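The file target.cif contains mmCIF, C-alpha atoms:
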data_my_file
loop_
_atom_site.label_atom_id
_atom_site.label_comp_id
_atom_site.auth_asym_id
_atom_site.auth_seq_id
_atom_site.Cartn_x
_atom_site.Cartn_y
_atom_site.Cartn_z
CA MET X 1 20.00 18.56 33.80
CA LEU X 2 21.72 21.96 33.32
CA GLN X 3 20.12 25.30 32.48
CA GLU X 4 22.45 28.19 31.44
CA HIS X 5 21.46 31.70 32.58
CA PRO X 6 23.32 35.01 32.21
CA GLN X 7 23.62 35.22 35.99
CA GLY X 8 24.92 31.67 36.43
CA THR X 9 24.21 27.95 36.04
CA VAL X 10 21.18 26.24 37.54
CA ARG X 11 21.34 22.49 38.15
CA PHE X 12 18.54 20.08 38.92
CA ARG X 13 18.58 16.26 39.15
CA VAL X 14 15.60 13.90 38.78
CA SER X 15 15.90 10.28 39.94
CA GLN X 16 13.46 7.44 40.55
CA HIS X 17 13.67 5.17 43.56
CA PRO X 18 13.05 1.41 43.01
CA GLN X 19 9.88 1.73 45.12
CA GLY X 20 8.52 4.47 42.86
CA THR X 21 9.65 7.59 44.84
CA VAL X 22 10.95 10.42 42.67
CA ARG X 23 13.64 12.75 44.03
CA PHE X 24 14.98 15.94 42.54
CA ARG X 25 17.48 18.67 43.58
CA VAL X 26 17.75 22.23 42.26
CA SER X 27 20.81 24.44 42.80
CA GLN X 28 22.19 27.66 41.29
CA HIS X 29 25.83 28.53 40.78
CA PRO X 30 26.63 32.22 39.95
CA ARG X 31 28.80 32.90 36.95
CA ARG X 32 32.17 34.32 37.96
CA ALA X 33 35.66 34.41 36.63
CA GLN X 34 38.17 31.83 37.73
CA GLY X 35 39.86 32.96 40.95
CA ASP X 36 37.38 35.75 41.74
CA ALA X 37 35.86 35.98 45.17
CA PRO X 38 32.10 35.78 45.52
CA HIS X 39 30.44 39.08 44.70
CA ARG X 40 28.74 40.81 47.65
CA PRO X 41 27.28 44.12 46.55
CA ARG X 42 27.06 47.07 48.98
CA THR X 43 24.95 50.26 48.63
CA GLY X 44 25.43 53.48 50.56
CA GLY X 45 27.71 51.80 53.06
CA HIS X 46 25.02 49.25 54.00
CA ARG X 47 25.44 45.50 53.51
CA VAL X 48 22.78 43.69 51.46
CA PRO X 49 22.20 40.35 53.17
CA GLN X 50 22.01 37.22 50.97
CA HIS X 51 18.51 35.88 50.42
CA ARG X 52 18.16 32.42 51.99
CA PRO X 53 14.64 31.01 51.98
CA ARG X 54 13.82 28.86 54.93
CA THR X 55 11.96 25.50 54.67
CA GLY X 56 10.85 22.79 56.99
CA GLY X 57 7.51 24.25 57.98
CA HIS X 58 8.75 27.81 58.72
CA ARG X 59 7.50 30.79 56.84
CA VAL X 60 10.02 32.40 54.53
CA SER X 61 9.86 36.17 54.79
CA GLN X 62 10.49 38.31 51.80
CA HIS X 63 13.87 40.04 51.91
CA ARG X 64 13.88 43.78 51.20
CA PRO X 65 17.47 45.10 51.00
CA ARG X 66 18.26 48.60 52.21
CA THR X 67 19.96 50.97 49.83
CA GLY X 68 20.44 54.16 51.80
CA GLY X 69 17.60 56.13 50.30
CA HIS X 70 17.60 54.56 46.83
CA ARG X 71 14.64 52.59 45.32
CA VAL X 72 15.39 48.88 45.50
CA SER X 73 13.59 48.09 42.22
CA GLN X 74 16.00 50.31 40.35
CA HIS X 75 19.13 48.90 41.94
CA PRO X 76 21.22 46.62 39.64
CA VAL X 77 21.81 44.05 42.37
CA TYR X 78 18.09 43.72 43.03
CA ARG X 79 17.33 43.27 39.34
CA ARG X 80 19.90 40.47 39.06
CA THR X 81 18.50 38.74 42.13
CA MET X 82 14.92 38.86 40.82
CA ALA X 83 16.02 37.53 37.39
CA GLY X 84 17.62 34.53 39.12
CA CYS X 85 14.43 33.84 41.07
CA ARG X 86 12.37 33.90 37.91
CA THR X 87 14.79 31.42 36.29
CA GLN X 88 14.46 29.07 39.27
CA ALA X 89 10.66 29.31 39.04
CA ARG X 90 10.68 28.31 35.39
CA LEU X 91 13.00 25.39 36.10
CA LEU X 92 10.81 24.28 38.97
CA ALA X 93 7.80 24.23 36.64
CA SER X 94 9.79 22.04 34.19
CA VAL X 95 10.63 19.65 37.00
CA VAL X 96 6.95 19.33 37.91
CA ILE X 97 6.10 18.40 34.32
CA VAL X 98 8.89 15.79 34.22
CA LEU X 99 7.64 14.31 37.49
CA ALA X 100 4.11 14.04 36.06
CA VAL X 101 5.40 12.16 33.00
CA ILE X 102 7.50 9.83 35.13
CA ARG X 103 4.54 9.14 37.41
CA GLN X 104 2.34 8.38 34.39
CA VAL X 105 4.88 5.95 32.93
CA SER X 106 5.46 4.24 36.25
CA SER X 107 1.69 3.78 36.69
CA GLN X 108 1.38 1.65 33.52
CA VAL X 109 1.70 -1.60 35.43
CA VAL X 110 -0.38 -3.64 32.97
CA GLN X 111 -0.05 -3.82 29.19
CA ALA X 112 -2.04 -5.65 26.51
CA GLU X 113 -1.11 -6.65 22.96
CA ASN X 114 -3.46 -6.75 19.96
CA VAL X 115 -3.97 -10.12 18.25
CA THR X 116 -4.93 -11.04 14.65
CA VAL X 117 -5.87 -14.66 13.94
CA MET X 118 -7.57 -16.78 11.26
CA GLU X 119 -11.02 -18.19 11.95
CA GLY X 120 -10.81 -21.67 13.46
CA LYS X 121 -7.26 -21.19 14.78
CA THR X 122 -6.05 -20.45 18.34
CA ALA X 123 -5.54 -16.91 19.64
CA GLU X 124 -3.31 -16.19 22.66
CA ILE X 125 -4.21 -13.13 24.74
CA ALA X 126 -1.52 -11.81 27.10
CA CYS X 127 -1.67 -9.25 29.92
CA ARG X 128 1.90 -8.16 30.70
CA LEU X 129 2.55 -7.03 34.28
CA HIS X 130 5.10 -4.47 35.51
CA ASN X 131 5.94 -3.91 39.18
CA TYR X 132 3.37 -6.57 40.03
CA ASP X 133 2.82 -6.90 43.78
CA GLY X 134 0.43 -9.86 43.83
CA SER X 135 -2.77 -7.87 43.40
CA ILE X 136 -5.84 -9.25 41.64
CA VAL X 137 -5.57 -9.60 37.85
CA VAL X 138 -8.70 -10.15 35.75
CA ILE X 139 -9.25 -10.81 32.00
CA GLN X 140 -12.69 -9.98 30.60
CA ASN X 141 -14.21 -10.65 27.17
CA PRO X 142 -15.77 -7.94 24.96
CA ASN X 143 -19.05 -8.37 26.85
CA ARG X 144 -17.18 -7.57 30.10
CA GLN X 145 -17.65 -11.12 31.36
CA THR X 146 -14.77 -12.31 33.54
CA LEU X 147 -12.80 -15.09 31.86
CA PHE X 148 -9.98 -15.55 34.38
CA PHE X 149 -9.56 -14.34 37.95
CA ASN X 150 -5.91 -14.57 39.06
CA GLY X 151 -5.36 -17.58 36.81
CA THR X 152 -8.66 -19.31 37.68
CA ARG X 153 -11.21 -19.73 34.89
CA ALA X 154 -14.47 -18.02 35.72
CA LEU X 155 -16.46 -18.54 32.50
CA LYS X 156 -17.59 -22.06 31.57
CA ASP X 157 -16.25 -22.10 28.02
CA GLU X 158 -13.92 -25.03 27.38
CA ARG X 159 -12.27 -23.18 24.50
CA PHE X 160 -10.45 -20.91 26.98
CA LYS X 161 -7.30 -22.38 28.51
CA LEU X 162 -4.74 -20.90 30.93
CA VAL X 163 -1.28 -20.80 29.35
CA SER X 164 0.70 -19.15 32.18
CA PHE X 165 0.30 -16.87 35.20
CA THR X 166 3.52 -15.33 36.59
CA TYR X 167 4.68 -12.04 38.04
CA GLN X 168 5.39 -10.95 34.45
CA GLN X 169 2.20 -11.94 32.64
CA LEU X 170 -1.18 -13.61 32.57
CA ARG X 171 -1.59 -15.46 29.25
CA ILE X 172 -4.66 -17.38 28.05
CA ALA X 173 -5.52 -19.24 24.81
CA LEU X 174 -8.81 -19.26 22.91
CA SER X 175 -9.11 -22.22 20.50
CA ASP X 176 -11.44 -22.64 17.51
CA ILE X 177 -11.93 -18.88 17.42
CA ARG X 178 -15.00 -17.45 15.68
CA VAL X 179 -15.95 -14.09 14.25
CA SER X 180 -18.32 -13.63 17.20
CA ASP X 181 -15.28 -13.78 19.53
CA GLU X 182 -13.82 -10.65 17.93
CA GLY X 183 -13.48 -7.48 20.00
CA GLY X 184 -11.61 -5.91 22.94
CA TYR X 185 -10.41 -8.12 25.81
CA TYR X 186 -9.76 -6.23 29.07
CA CYS X 187 -6.64 -6.76 31.15
CA GLN X 188 -7.54 -5.32 34.56
CA LEU X 189 -5.32 -4.96 37.65
CA TYR X 190 -6.82 -4.08 41.03
CA SER X 191 -4.22 -2.41 43.28
CA GLU X 192 -4.27 0.99 45.07
CA ASP X 193 -5.50 2.32 41.74
CA THR X 194 -7.38 0.27 39.15
CA HIS X 195 -5.42 -0.12 35.92
CA HIS X 196 -6.65 -1.70 32.70
CA GLN X 197 -5.61 -2.09 29.07
CA VAL X 198 -7.53 -3.51 26.10
CA ALA X 199 -6.21 -6.21 23.75
CA VAL X 200 -8.09 -6.01 20.45
CA VAL X 201 -8.64 -9.44 18.87
CA THR X 202 -9.29 -9.41 15.10
CA VAL X 203 -10.62 -12.56 13.39
CA LEU X 204 -9.96 -13.03 9.67
CA VAL X 205 -12.02 -15.36 7.47
CA PRO X 206 -9.92 -16.77 4.57
CA PRO X 207 -11.73 -17.04 1.20
CA LYS X 208 -12.52 -20.55 -0.09
CA PRO X 209 -13.80 -20.35 -3.69
CA ILE X 210 -16.26 -22.81 -5.25
CA VAL X 211 -16.74 -23.08 -9.04
CA GLU X 212 -19.98 -24.26 -10.67
CA VAL X 213 -21.18 -24.40 -14.27
CA GLN X 214 -24.59 -23.26 -15.41
CA GLY X 215 -26.22 -25.97 -17.51
CA GLU X 216 -24.04 -28.28 -19.62
CA LEU X 217 -20.91 -27.53 -21.59
CA VAL X 218 -21.62 -28.63 -25.16
CA ALA X 219 -19.22 -28.17 -28.06
CA ASN X 220 -19.74 -25.02 -30.13
CA SER X 221 -21.90 -23.37 -27.46
CA LEU X 222 -21.55 -20.64 -24.79
CA ALA X 223 -20.20 -21.74 -21.41
CA SER X 224 -21.16 -19.91 -18.20
CA LEU X 225 -19.10 -20.47 -15.02
CA ILE X 226 -19.77 -19.02 -11.54
CA CYS X 227 -17.18 -18.71 -8.76
CA THR X 228 -18.52 -18.13 -5.25
CA VAL X 229 -16.72 -17.29 -2.00
CA PRO X 230 -19.39 -18.00 0.65
CA ARG X 231 -17.53 -16.29 3.52
CA SER X 232 -14.69 -13.79 3.57
CA LYS X 233 -13.43 -11.14 6.00
CA PRO X 234 -12.22 -8.69 4.79
CA PRO X 235 -14.03 -9.01 1.41
CA ALA X 236 -12.07 -10.94 -1.20
CA GLN X 237 -11.44 -10.12 -4.85
CA ILE X 238 -12.01 -12.79 -7.54
CA ARG X 239 -9.88 -13.21 -10.67
CA TRP X 240 -10.32 -15.72 -13.54
CA PHE X 241 -7.60 -17.46 -15.56
CA ARG X 242 -7.86 -19.75 -18.58
CA GLY X 243 -4.48 -21.38 -18.75
CA LYS X 244 -2.06 -18.51 -18.15
CA LYS X 245 -4.34 -15.88 -19.67
CA GLU X 246 -6.57 -13.79 -17.39
CA ILE X 247 -10.20 -13.43 -18.46
CA THR X 248 -12.66 -10.81 -17.26
CA GLY X 249 -15.59 -11.69 -15.01
CA VAL X 250 -18.48 -9.78 -13.43
CA SER X 251 -18.46 -9.67 -9.59
CA SER X 252 -20.92 -8.81 -6.83
CA ARG X 253 -20.86 -9.05 -3.03
CA LEU X 254 -23.30 -9.37 -0.15
CA GLN X 255 -22.51 -8.49 3.49
CA THR X 256 -24.01 -10.38 6.42
CA GLY X 257 -22.82 -8.96 9.73
CA LYS X 258 -19.02 -8.77 9.54
CA VAL X 259 -18.71 -11.42 6.80
CA PHE X 260 -18.94 -10.98 3.01
CA GLU X 261 -20.17 -13.31 0.24
CA ILE X 262 -18.48 -12.72 -3.13
CA THR X 263 -19.77 -13.99 -6.51
CA SER X 264 -18.20 -13.70 -9.97
CA SER X 265 -19.34 -15.09 -13.35
CA VAL X 266 -17.58 -15.50 -16.69
CA ASN X 267 -18.79 -16.53 -20.19
CA PHE X 268 -16.90 -17.91 -23.20
CA THR X 269 -17.42 -20.25 -26.21
CA VAL X 270 -16.11 -23.83 -26.08
CA ASP X 271 -15.55 -26.61 -28.64
CA ARG X 272 -14.49 -30.25 -28.35
CA LYS X 273 -10.79 -29.33 -28.23
CA ASP X 274 -11.43 -27.43 -24.99
CA ASN X 275 -12.49 -30.62 -23.19
CA GLY X 276 -10.16 -31.11 -20.21
CA ASP X 277 -8.76 -27.55 -20.26
CA ILE X 278 -8.33 -25.85 -16.88
CA VAL X 279 -10.11 -22.66 -15.81
CA THR X 280 -8.87 -21.17 -12.50
CA CYS X 281 -10.77 -19.04 -9.99
CA GLU X 282 -8.49 -17.11 -7.61
CA ALA X 283 -9.79 -15.33 -4.50
CA ASN X 284 -7.43 -13.05 -2.57
CA VAL X 285 -7.60 -10.30 0.06
CA PRO X 286 -5.16 -7.54 -1.02
CA SER X 287 -5.05 -5.94 2.44
CA VAL X 288 -3.75 -9.15 4.08
CA LYS X 289 -0.46 -10.57 2.82
CA GLY X 290 -0.66 -14.20 1.77
CA MET X 291 -4.44 -14.43 2.24
CA LYS X 292 -5.19 -16.08 -1.10
CA ASN X 293 -6.85 -19.26 -2.31
CA ARG X 294 -7.49 -20.70 -5.78
CA ILE X 295 -9.33 -23.62 -7.36
CA ASP X 296 -8.76 -25.28 -10.74
CA PHE X 297 -11.89 -26.30 -12.66
CA PRO X 298 -11.47 -28.77 -15.58
CA LEU X 299 -13.85 -28.17 -18.49
CA ASN X 300 -16.11 -31.13 -19.25
CA VAL X 301 -17.18 -30.34 -22.82
CA ARG X 302 -19.67 -32.83 -24.29
CA PHE X 303 -19.44 -33.65 -28.00
CA PRO X 304 -20.48 -36.44 -30.45
CA PRO X 305 -17.96 -39.15 -31.42
CA VAL X 306 -15.06 -38.60 -33.77
CA VAL X 307 -13.98 -41.83 -35.54
CA LYS X 308 -10.71 -42.58 -37.39
CA VAL X 309 -9.61 -45.94 -38.86
CA GLN X 310 -5.88 -46.51 -38.53
CA THR X 311 -4.68 -47.96 -41.87
CA PRO X 312 -1.57 -50.04 -42.71
CA SER X 313 1.26 -48.39 -44.64
CA VAL X 314 2.24 -51.38 -46.87
CA HIS X 315 0.70 -53.12 -49.89
CA LEU X 316 -1.14 -56.22 -48.85
CA ARG X 317 -0.59 -59.50 -50.66
CA GLU X 318 -2.49 -62.72 -50.61
CA GLY X 319 -1.79 -64.62 -47.41
CA ASP X 320 -0.97 -61.51 -45.35
CA ASP X 321 -2.69 -60.72 -42.06
CA LEU X 322 -4.41 -57.36 -41.47
CA THR X 323 -5.48 -55.61 -38.26
CA LEU X 324 -7.66 -52.50 -38.52
CA THR X 325 -7.92 -50.22 -35.45
CA CYS X 326 -10.84 -47.87 -34.94
CA LEU X 327 -9.82 -44.77 -32.93
CA VAL X 328 -12.84 -43.15 -31.25
CA THR X 329 -13.12 -40.01 -29.12
CA GLY X 330 -16.28 -38.49 -27.70
CA ASN X 331 -17.83 -37.15 -24.53
CA PRO X 332 -19.37 -39.24 -23.23
CA GLN X 333 -16.94 -41.82 -24.60
CA PRO X 334 -18.69 -44.46 -26.77
CA THR X 335 -18.44 -47.88 -25.17
CA GLU X 336 -18.85 -49.92 -28.37
CA VAL X 337 -17.79 -49.71 -32.00
CA THR X 338 -19.41 -51.57 -34.92
CA TRP X 339 -17.53 -53.05 -37.93
CA SER X 340 -19.19 -53.80 -41.28
CA ARG X 341 -18.37 -54.19 -45.00
CA LEU X 342 -20.13 -51.95 -47.47
CA ASN X 343 -22.66 -53.86 -49.62
CA ASP X 344 -21.46 -57.17 -48.23
CA THR X 345 -21.01 -59.18 -45.06
CA LEU X 346 -17.79 -59.53 -43.15
CA PRO X 347 -15.64 -62.48 -44.19
CA LYS X 348 -16.12 -65.55 -41.99
CA HIS X 349 -12.45 -65.64 -40.95
CA THR X 350 -12.54 -62.10 -39.45
CA GLU X 351 -12.36 -61.53 -35.69
CA GLN X 352 -13.44 -58.39 -33.77
CA GLN X 353 -11.66 -57.48 -30.50
CA ALA X 354 -13.01 -54.29 -28.90
CA ASN X 355 -12.16 -51.57 -31.40
CA ARG X 356 -10.00 -53.82 -33.63
CA LEU X 357 -10.90 -55.92 -36.66
CA ILE X 358 -8.49 -58.81 -37.49
CA LEU X 359 -8.38 -60.44 -40.95
CA SER X 360 -5.99 -63.37 -41.39
CA ALA X 361 -4.75 -65.08 -44.61
CA LEU X 362 -6.03 -62.38 -46.91
CA SER X 363 -7.31 -63.15 -50.37
CA SER X 364 -8.87 -61.13 -53.13
CA LEU X 365 -12.24 -62.27 -51.86
CA ASP X 366 -11.65 -59.99 -48.86
CA ASN X 367 -11.48 -56.88 -51.02
CA GLY X 368 -14.03 -54.21 -50.20
CA THR X 369 -14.85 -51.13 -48.08
CA TYR X 370 -14.81 -51.69 -44.32
CA LEU X 371 -16.70 -49.31 -41.98
CA CYS X 372 -16.20 -48.48 -38.30
CA GLU X 373 -19.09 -46.75 -36.53
CA ALA X 374 -19.52 -45.34 -33.00
CA ALA X 375 -22.31 -43.42 -31.26
CA ASN X 376 -23.17 -41.65 -28.00
CA GLU X 377 -26.17 -39.66 -26.81
CA LEU X 378 -25.08 -36.61 -28.80
CA GLY X 379 -24.72 -38.34 -32.19
CA SER X 380 -22.81 -40.90 -34.24
CA SER X 381 -19.84 -40.97 -36.60
CA ALA X 382 -18.09 -43.44 -38.95
CA ASP X 383 -14.86 -43.88 -40.91
CA GLN X 384 -13.97 -46.36 -43.71
CA TYR X 385 -11.03 -48.27 -45.17
CA VAL X 386 -10.85 -49.69 -48.72
CA LEU X 387 -9.04 -53.05 -48.81
CA VAL X 388 -7.28 -54.19 -52.01
CA VAL X 389 -5.40 -57.49 -51.85
CA HIS X 390 -2.79 -57.98 -54.61
CA GLY X 391 -2.24 -61.40 -56.18
CA ASP X 392 0.83 -63.71 -56.20
CA PHE X 393 3.30 -63.00 -59.11
CA GLY X 394 5.81 -65.68 -58.35
CA TRP X 395 5.51 -67.40 -61.77
CA LEU X 396 6.58 -64.20 -63.58
CA ALA X 397 10.31 -64.20 -63.00
CA HIS X 398 10.92 -61.37 -65.47
CA PRO X 399 8.81 -58.56 -66.88
CA ILE X 400 7.18 -59.37 -70.25
CA SER X 401 5.53 -57.34 -73.01
CA LEU X 402 2.15 -58.33 -74.36
CA PRO X 403 -0.18 -56.62 -76.82
CA LYS X 404 -3.14 -54.72 -75.57
CA PHE X 405 -5.51 -57.52 -76.37
CA LEU X 406 -4.73 -61.18 -76.94
CA CYS X 407 -7.24 -63.99 -77.31
CA ASP X 408 -6.44 -67.67 -78.06
CA SER X 409 -9.59 -69.69 -78.32
CA ASP X 410 -7.64 -72.98 -78.64
CA LEU X 411 -5.81 -72.37 -75.34
CA GLY X 412 -8.95 -71.04 -73.81
CA SER X 413 -7.21 -68.02 -72.16
CA TYR X 414 -7.29 -64.29 -72.80
CA LEU X 415 -5.88 -60.99 -71.59
CA THR X 416 -8.03 -58.12 -70.42
CA HIS X 417 -7.79 -54.60 -68.92
CA GLU X 418 -10.31 -55.54 -66.25
CA ALA X 419 -8.18 -54.94 -63.16
CA SER X 420 -6.68 -51.51 -63.53
CA GLY X 421 -7.87 -50.01 -66.81
CA LEU X 422 -5.73 -48.21 -69.35
CA ASP X 423 -3.01 -45.67 -68.87
CA GLU X 424 -2.80 -42.47 -70.87
CA HIS X 425 -1.32 -44.34 -73.86
CA GLY X 426 -3.95 -47.07 -73.83
CA GLU X 427 -1.51 -49.65 -72.39
CA ALA X 428 -2.56 -52.04 -69.63
CA ARG X 429 -0.62 -51.76 -66.38
CA GLU X 430 -2.34 -54.74 -64.76
CA ALA X 431 -4.40 -57.60 -66.19
CA PHE X 432 -6.35 -60.65 -65.13
CA ILE X 433 -5.68 -63.93 -66.95
CA ASN X 434 -8.58 -66.38 -66.77
CA GLY X 435 -8.30 -70.05 -67.44
CA ASN X 436 -10.73 -72.05 -69.50
CA GLU X 437 -12.23 -73.61 -66.43
CA SER X 438 -15.28 -71.75 -65.20
CA HIS X 439 -14.41 -72.44 -61.56
CA GLU X 440 -10.86 -71.06 -61.81
CA ARG X 441 -10.60 -67.65 -60.17
CA LYS X 442 -8.96 -64.64 -61.68
CA LYS X 443 -5.26 -64.04 -61.26
CA GLU X 444 -3.59 -60.64 -61.31
CA TYR X 445 -0.26 -59.90 -62.95
CA PHE X 446 1.85 -56.83 -63.76
CA ILE X 447 2.68 -56.49 -67.46
#
Output the file's structure in the form of structure tokens.
Amino acid sequence: MLQEHPQGTVRFRVSQHPQGTVRFRVSQHPRRAQGDAPHRPRTGGHRVPQHRPRTGGHRVSQHRPRTGGHRVSQHPVYRRTMAGCRTQARLLASVVIVLAVIRQVSSQVVQAENVTVMEGKTAEIACRLHNYDGSIVVIQNPNRQTLFFNGTRALKDERFKLVSFTYQQLRIALSDIRVSDEGGYYCQLYSEDTHHQVAVVTVLVPPKPIVEVQGELVANSLASLICTVPRSKPPAQIRWFRGKKEITGVSSRLQTGKVFEITSSVNFTVDRKDNGDIVTCEANVPSVKGMKNRIDFPLNVRFPPVVKVQTPSVHLREGDDLTLTCLVTGNPQPTEVTWSRLNDTLPKHTEQQANRLILSALSSLDNGTYLCEAANELGSSADQYVLVVHGDFGWLAHPISLPKFLCDSDLGSYLTHEASGLDEHGEAREAFINGNESHERKKEYFI
């Protein structure tokens, strides 16, 4: 280091020996022009001797220059000499401060690192050693109980394991860590002086939300859901989502020791279309990055059956086959459906398979209204299908025109509007022609 002074340059050097010894040297060089001889002031013909303090156990006497009757304190040479001494004194004080800092740094022969870990995981606690000379190294828990003594386990807790013990560090592992294990762990080195550092172990408890429903979810009623985080450290925040839309809940928390219990509730109206929708509860700790957990809760909305008969899209003729399908939804889902014909019994040639009704070789005798019914504990529902079977017109090769009413008693046949009634002009669109035999069934024709 260099220190500039009006009277010259003062140099001092600070160095550290590998064994810890600190050396320094202070010297002063007067300022003079290049080529000038050293300045030796004289006063009144008398020589002023140069001040050279003696060391090595001898007393250094104070030099008082003679000036031939003049006061020394007023002499310019004396003032310059005293100014230089004061400069050296200030520099010496700076050197002492530097030495104190170096000594403090060199004395930090043990270091500890703080650790943050999730509950149930493994935490590694390390005591780093500097200038280690084989002295005793001890790790203690927050209760100041000795865990390891120079690499040997002293506390009978199988969760503590020795990872490594070298001239650079003593490292141990604590598995299945708990909140009760949290605190300061002491790294202590016993040498000429006792040195210790504290490693602070912080245990985090991740939130694990649980969703429950109050009562039953019934269509067209108010649903109440509760999300609970039994344990969290730090305290978690709860947010609700229905699909991608966030909904507002009401939260509360309870602290037990270092752990928090968080509860949030939300209310909304549901109908049968909401059955199976997902409501999400998300618990996160904003102060810890990535400390978040969420649970999806499917809505189980109960509702009475909804019944729909799937109908064919073509006109049915005599001899065709027909399959009717009864589509039923409900919660709980009805396990059985019932088929019937309004004001009549089912034809003998019909067959029921689960929710299907099969009618083969249709005839006009099968005409009627067919009902499908289903029920669960919340109610029942039904849907119907009206069957109309059209007759065979094969004998009418071409359309014909007939009067509105024709009766031939000799032939024993007649024409009637019985099937489809009259149109707006009183003309028959369809008619039944009956034979003269009482057992002959009606036949339908387009006219």
Shell around Thr256 of chain X at 10 Å using all atoms listed in the file, local window under 4 positions removed, as a ChimeraX atom specification: /X:231,260-261
Include C-alpha atoms and write out the residues we just selected as a CSV table (one decimal), in the coordinates of the input.
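As a result, again-v4.csv now contains:
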chain,number,residue,atom,x,y,z
X,231,ARG,CA,-17.5,-16.3,3.5
X,260,PHE,CA,-18.9,-11.0,3.0
X,261,GLU,CA,-20.2,-13.3,0.2
Given the PyMOL selection byres ((chain X and resi 168) around 9), the residues it picks as a list in words: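 Checking the PyMOL selection byres ((chain X and resi 168) around 9) against this file, the residues are Cys127, Arg128, Leu129, His130, Asn131, Tyr132, Phe165, Thr166, Tyr167, Gln169 and Leu170 of chain X.
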Where does the PyMOL selection byres ((chain X and resi 139) around 9) land in this file, that is, which residues does it pick, as a PDB file with C-alpha atoms, keeping the file's coordinate frame?
ATOM      1  CA  CYS X 127      -1.670  -9.250  29.920  1.00  0.00           C
ATOM      2  CA  VAL X 137      -5.570  -9.600  37.850  1.00  0.00           C
ATOM      3  CA  VAL X 138      -8.700 -10.150  35.750  1.00  0.00           C
ATOM      4  CA  GLN X 140     -12.690  -9.980  30.600  1.00  0.00           C
ATOM      5  CA  ASN X 141     -14.210 -10.650  27.170  1.00  0.00           C
ATOM      6  CA  ARG X 144     -17.180  -7.570  30.100  1.00  0.00           C
ATOM      7  CA  GLN X 145     -17.650 -11.120  31.360  1.00  0.00           C
ATOM      8  CA  THR X 146     -14.770 -12.310  33.540  1.00  0.00           C
ATOM      9  CA  LEU X 147     -12.800 -15.090  31.860  1.00  0.00           C
ATOM     10  CA  PHE X 148      -9.980 -15.550  34.380  1.00  0.00           C
ATOM     11  CA  PHE X 149      -9.560 -14.340  37.950  1.00  0.00           C
ATOM     12  CA  ASN X 150      -5.910 -14.570  39.060  1.00  0.00           C
ATOM     13  CA  LEU X 170      -1.180 -13.610  32.570  1.00  0.00           C
ATOM     14  CA  ILE X 172      -4.660 -17.380  28.050  1.00  0.00           C
ATOM     15  CA  TYR X 185     -10.410  -8.120  25.810  1.00  0.00           C
ATOM     16  CA  TYR X 186      -9.760  -6.230  29.070  1.00  0.00           C
ATOM     17  CA  CYS X 187      -6.640  -6.760  31.150  1.00  0.00           C
ATOM     18  CA  GLN X 188      -7.540  -5.320  34.560  1.00  0.00           C
TER      19      GLN X 188
END
Selection under test: the PyMOL selection byres ((chain X and resi 208) around 12); residues as a ChimeraX atom specification: /X:205-207,209-211,227-233,235-238,260-263,281-285,291-295
Straight-line distance linking atom CA of Arg242 of chain X with atom CA of Pro332 of chain X, stated in Å to one decimal: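 Atom-to-atom, atom CA of Arg242 of chain X to atom CA of Pro332 of chain X, that is 23.1 Å.
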Atomic distance atom CA of Ile358 of chain X - atom CA of Cys372 of chain X, expressed in Å with one decimal: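 Separation between atom CA of Ile358 of chain X and atom CA of Cys372 of chain X: 12.9 Å.
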Length of the atom CA of Pro347 of chain X to atom CA of Thr323 of chain X vector [Å]: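 It comes out at 13.6 Å.
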9 Å contact set for Ser221 of chain X, all atoms listed in the file, chain neighbours under 4 positions out, as an mmCIF file with C-alpha atoms, keeping the file's coordinate frame:
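Output saved as selection.cif:
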data_model
loop_
_atom_site.group_PDB
_atom_site.id
_atom_site.type_symbol
_atom_site.label_atom_id
_atom_site.label_comp_id
_atom_site.auth_asym_id
_atom_site.auth_seq_id
_atom_site.Cartn_x
_atom_site.Cartn_y
_atom_site.Cartn_z
ATOM 1 C CA LEU X 217 -20.910 -27.530 -21.590
ATOM 2 C CA PHE X 268 -16.900 -17.910 -23.200
ATOM 3 C CA THR X 269 -17.420 -20.250 -26.210
ATOM 4 C CA VAL X 270 -16.110 -23.830 -26.080
ATOM 5 C CA ASP X 271 -15.550 -26.610 -28.640
#
Among the residues X:Glu113, X:Asp344, X:Glu336, X:Asp274, the one that comes closest to Ala199 of chain X [using all atoms listed in the file]: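 Closest candidate: X:Glu113.
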Among the residues X:Thr280, X:Ser287, X:Gln214, X:Thr345, the one that comes closest to Lys245 of chain X [using all atoms listed in the file]: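 For Lys245 of chain X, the nearest of the candidates is X:Thr280.
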10 Å contact set for Gly120 of chain X, all atoms listed in the file, chain neighbours under 5 positions out, as an NGL selection string: :X and (174-179 or 203-205)
Find the axis-aligned box for segment 193-210 of chain X, covering all its listed atoms and adding 5 Å on each side, and write its centre and edge lengths in Å to one decimal as AutoDock Vina command-line options.
--center_x -10.8 --center_y -10.2 --center_z 18.2 --size_x 20.8 --size_y 35.1 --size_z 57.0
Among listed residues X:Ala126, X:Gly379, X:Gly290, X:Asp181, nearest Val163 of chain X (using all atoms listed in the file): X:Ala126
For Glu351 of chain X: contacts at 12 Å, only C-alpha atoms, fewer than 5 positions along chain excluded, given as a list in words: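 So the residues in contact are Asp321, Leu322, Thr323, Leu324, Trp339, Ser340, Leu346, Arg356, Leu357, Ile358, Leu359 and Ser360 of chain X.
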Which of X:Arg171, X:Arg90, X:His196, X:Arg153 sits closest to Gln111 of chain X [using all atoms listed in the file]: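 Closest to Gln111 of chain X, using all atoms listed in the file: X:His196.
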